[in-house]
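Below is one structure; the comments refer to it alone.
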Amino acid sequence: MGYSKDELLQRLQELHINFAQYEHPVVLTVEAQAKYIGHLAGALSKNLFLKDKKHRLYIVSALENTKVDLKVLSQRLGLGKGGLRMAPEEALGEILQVPLGCVTPFALVNESARNVALLLDRGFKTQECCFFHPLSNDMSISLNVRDLDKFLKSIGRDPSYVDIEANPSVGKDQPPDLAALVPLDATVLSENAEKPSSKQGPLQNHEPVDITSTVVQAKVAKASAKNVENVKEKATNTVHSSISFADPSKFIDEILDKTSALVISEVKGESMKQHGQHFGASVSDSIRKLLSAELKNLAIIFKNTAYTEGFHAGLRSQRK
């Protein structure tokens, strides 16, 4: 069991660290967080949980407007151009022991995160104070960099501040400038840690799907068991595939693949006879339950990918 929000706050008090705390609804993005505390003095932070090809893990903590180019950062760490990617969601619970949307430097307080590297934005040092979630995204706390350093040193961490936006040349005579920050040890996840989450929950704000027409029934009747398995396998295995989730069309294709697979698997002759005139509602309920977690994961992956690659055009246009 990892540290709780209350236990972390108590530890900060024991270290005589000054901080201000602000409660708000659960938020998953910096944009959502800004709606509640953006008017307060202090800088918002974004935190990325990453892994490399050797399963070494990293937290990159940066100012809201700092551009984080994973390809450049990967080269600066000596990992090659494609060496960094988003860590699997399951590693949040197993390694950092925090839920989705709660990645911050404070997660390193847990012993299970001892091998996770931390890269801090040098820009934090220019701010009077900075906001972070205290292991829970229904609260934000603000503190200055000196007190953040004090906390990190109390858990045996030597804070490393880097210019995250820098793009120095890397070559034979110019070694990677951040290579020393690569963890010495890989983090071994449990057998199921990299598999898509199977959590289920109801889908909200969706109309029931009526698929009782004779056309659909006729098509389903002709679908072979092999085809059903192929579609289901495709929908399950592509969540963490090499598809670029920054491409909206591929993102939509992913959703359609999953929906098609579930419709085909649920619409069977036996089910039609069993539920009769309530068949449409029955299938609709099943699809809601089975697709809820999957679509949530896809949406988060899509948003994180776009966010990571620095697609802030919307924000920039609002400021003009």
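If you're wondering about the labels, chains in the structure tokens are A, B, ... by order shown, residues count from 1 in each chain, ligands from 1 in order shown.
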Long-range neighbours of segment 170-176 of chain A as a list of chain:residue names, 12 Å cut-off, only C-alpha atoms, 6 positions minimum in chain: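 Skipping anything fewer than 6 positions along the chain leaves A:Val72, A:Leu73, A:Ser74, A:Gln75, A:Arg76, A:Leu77, A:Gly78, A:Leu79, A:Gly80, A:Lys81, A:Val182.
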Contacts of Cys102 of chain A at 7 Å (only C-alpha atoms; same-chain gap of 3+ positions) as number ranges by chain: A: 98-99, 133, 135-137
Keeping only N, CA and C atoms, write those residues as an mmCIF file, in the first residue's frame.
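Result file selection12.cif:
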```cif
data_model
loop_
_atom_site.group_PDB
_atom_site.id
_atom_site.type_symbol
_atom_site.label_atom_id
_atom_site.label_comp_id
_atom_site.auth_asym_id
_atom_site.auth_seq_id
_atom_site.Cartn_x
_atom_site.Cartn_y
_atom_site.Cartn_z
ATOM 1 N N VAL A 98 -0.254 5.396 -7.647
ATOM 2 C CA VAL A 98 -1.194 6.514 -7.723
ATOM 3 C C VAL A 98 -2.164 6.240 -8.859
ATOM 4 N N PRO A 99 -3.362 6.806 -8.815
ATOM 5 C CA PRO A 99 -4.316 6.630 -9.918
ATOM 6 C C PRO A 99 -3.977 7.522 -11.091
ATOM 7 N N HIS A 133 -0.229 17.893 -7.680
ATOM 8 C CA HIS A 133 -1.213 17.078 -6.962
ATOM 9 C C HIS A 133 -0.488 16.289 -5.867
ATOM 10 N N LEU A 135 -0.599 13.277 -4.662
ATOM 11 C CA LEU A 135 -0.958 11.862 -4.839
ATOM 12 C C LEU A 135 -2.442 11.662 -5.113
ATOM 13 N N SER A 136 -3.186 12.741 -5.225
ATOM 14 C CA SER A 136 -4.621 12.654 -5.494
ATOM 15 C C SER A 136 -5.017 13.873 -6.316
ATOM 16 N N ASN A 137 -5.765 13.644 -7.397
ATOM 17 C CA ASN A 137 -6.079 14.756 -8.291
ATOM 18 C C ASN A 137 -7.378 15.475 -7.953
#
```
Surrounding residues of His55 of chain A excluding itself and chain neighbours under 3 positions, 12 Å, only C-alpha atoms, as a ChimeraX atom specification: /A:50-52,58,79,83-88,91,115-117,182-189,193-194
For Phe124 of chain A, the nearest of the candidates A:Asn167, A:Ser61, A:Thr104, A:Asn110, counting only C-alpha atoms: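 Smallest separation from Phe124 of chain A among the options: A:Ser61.
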Polymer residues at most 10 Å from segment 12-19 of chain A, only C-alpha atoms, same-chain spacing of 4 or more positions, as a count of residues only: 16
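Per DSSP on the backbone, strand (DSSP E or B) in segment 114-198 of chain A comprises Ala117, Leu118, Leu119, Leu120, Asp121, Cys130, Phe131, Phe132, Met139, Ser140, Ile141, Ser142, Leu143, Tyr161, Val162, Gly171 and Gln174 of chain A.
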Given the selection you just returned, output its residues as a file containing N, CA and C atoms, formatted as an mmCIF file, in the first residue's frame.
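Output file result.cif follows:
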```cif
data_model
loop_
_atom_site.group_PDB
_atom_site.id
_atom_site.type_symbol
_atom_site.label_atom_id
_atom_site.label_comp_id
_atom_site.auth_asym_id
_atom_site.auth_seq_id
_atom_site.Cartn_x
_atom_site.Cartn_y
_atom_site.Cartn_z
ATOM 1 N N ALA A 117 13.445 7.413 -12.546
ATOM 2 C CA ALA A 117 14.237 8.638 -12.673
ATOM 3 C C ALA A 117 13.312 9.854 -12.697
ATOM 4 N N LEU A 118 13.813 10.985 -12.217
ATOM 5 C CA LEU A 118 13.039 12.222 -12.201
ATOM 6 C C LEU A 118 13.807 13.332 -12.896
ATOM 7 N N LEU A 119 13.179 13.924 -13.911
ATOM 8 C CA LEU A 119 13.748 15.074 -14.608
ATOM 9 C C LEU A 119 12.850 16.270 -14.337
ATOM 10 N N LEU A 120 13.412 17.303 -13.734
ATOM 11 C CA LEU A 120 12.662 18.497 -13.368
ATOM 12 C C LEU A 120 12.988 19.647 -14.316
ATOM 13 N N ASP A 121 11.979 20.387 -14.675
ATOM 14 C CA ASP A 121 12.137 21.536 -15.564
ATOM 15 C C ASP A 121 12.902 22.644 -14.832
ATOM 16 N N CYS A 130 4.976 26.585 -7.226
ATOM 17 C CA CYS A 130 4.458 25.701 -8.278
ATOM 18 C C CYS A 130 3.382 24.794 -7.694
ATOM 19 N N PHE A 131 2.445 24.384 -8.537
ATOM 20 C CA PHE A 131 1.347 23.522 -8.108
ATOM 21 C C PHE A 131 1.591 22.072 -8.527
ATOM 22 N N PHE A 132 1.286 21.158 -7.598
ATOM 23 C CA PHE A 132 1.350 19.726 -7.881
ATOM 24 C C PHE A 132 0.185 19.051 -7.156
ATOM 25 N N MET A 139 -7.072 17.520 -5.358
ATOM 26 C CA MET A 139 -6.441 18.579 -4.577
ATOM 27 C C MET A 139 -5.152 19.003 -5.258
ATOM 28 N N SER A 140 -4.798 20.270 -5.134
ATOM 29 C CA SER A 140 -3.504 20.770 -5.609
ATOM 30 C C SER A 140 -2.841 21.506 -4.458
ATOM 31 N N ILE A 141 -1.520 21.370 -4.350
ATOM 32 C CA ILE A 141 -0.800 22.111 -3.332
ATOM 33 C C ILE A 141 0.272 22.954 -4.017
ATOM 34 N N SER A 142 0.558 24.101 -3.450
ATOM 35 C CA SER A 142 1.596 24.968 -3.999
ATOM 36 C C SER A 142 2.736 25.074 -2.994
ATOM 37 N N LEU A 143 3.950 25.040 -3.502
ATOM 38 C CA LEU A 143 5.145 25.192 -2.675
ATOM 39 C C LEU A 143 6.274 25.719 -3.548
ATOM 40 N N TYR A 161 17.612 19.400 -12.210
ATOM 41 C CA TYR A 161 16.883 20.372 -13.023
ATOM 42 C C TYR A 161 17.590 20.509 -14.368
ATOM 43 N N VAL A 162 16.812 20.388 -15.432
ATOM 44 C CA VAL A 162 17.393 20.442 -16.771
ATOM 45 C C VAL A 162 16.577 21.380 -17.651
ATOM 46 N N GLY A 171 26.379 13.370 -30.918
ATOM 47 C CA GLY A 171 27.167 12.652 -31.914
ATOM 48 C C GLY A 171 28.402 12.044 -31.307
ATOM 49 N N GLN A 174 30.081 14.549 -29.263
ATOM 50 C CA GLN A 174 29.173 15.250 -28.370
ATOM 51 C C GLN A 174 28.231 14.236 -27.718
#
```
Best match for closeness to Gly123 of chain A among A:Ser169, A:Gln10, A:Thr66, A:Thr259, counting only C-alpha atoms: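 The answer is A:Thr66, which sits nearest to Gly123 of chain A.
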Coordinates-based distance that separates atom CA of Ile37 of chain A from atom CA of Gln127 of chain A (Å, one decimal):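 For atom CA of Gln127 of chain A relative to atom CA of Ile37 of chain A, the distance reads 15.8 Å.
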Nearest candidate to Gln33 of chain A (options A:Glu128, A:Glu89, A:Asp138, A:Glu94; using only C-alpha atoms): A:Asp138
Expected answer as number ranges by chain: helix (DSSP H, G or I) residues in segment 53-203 of chain A: A: 70-76, 89-96, 105-109, 111-113, 122-126, 145-154, 179-181
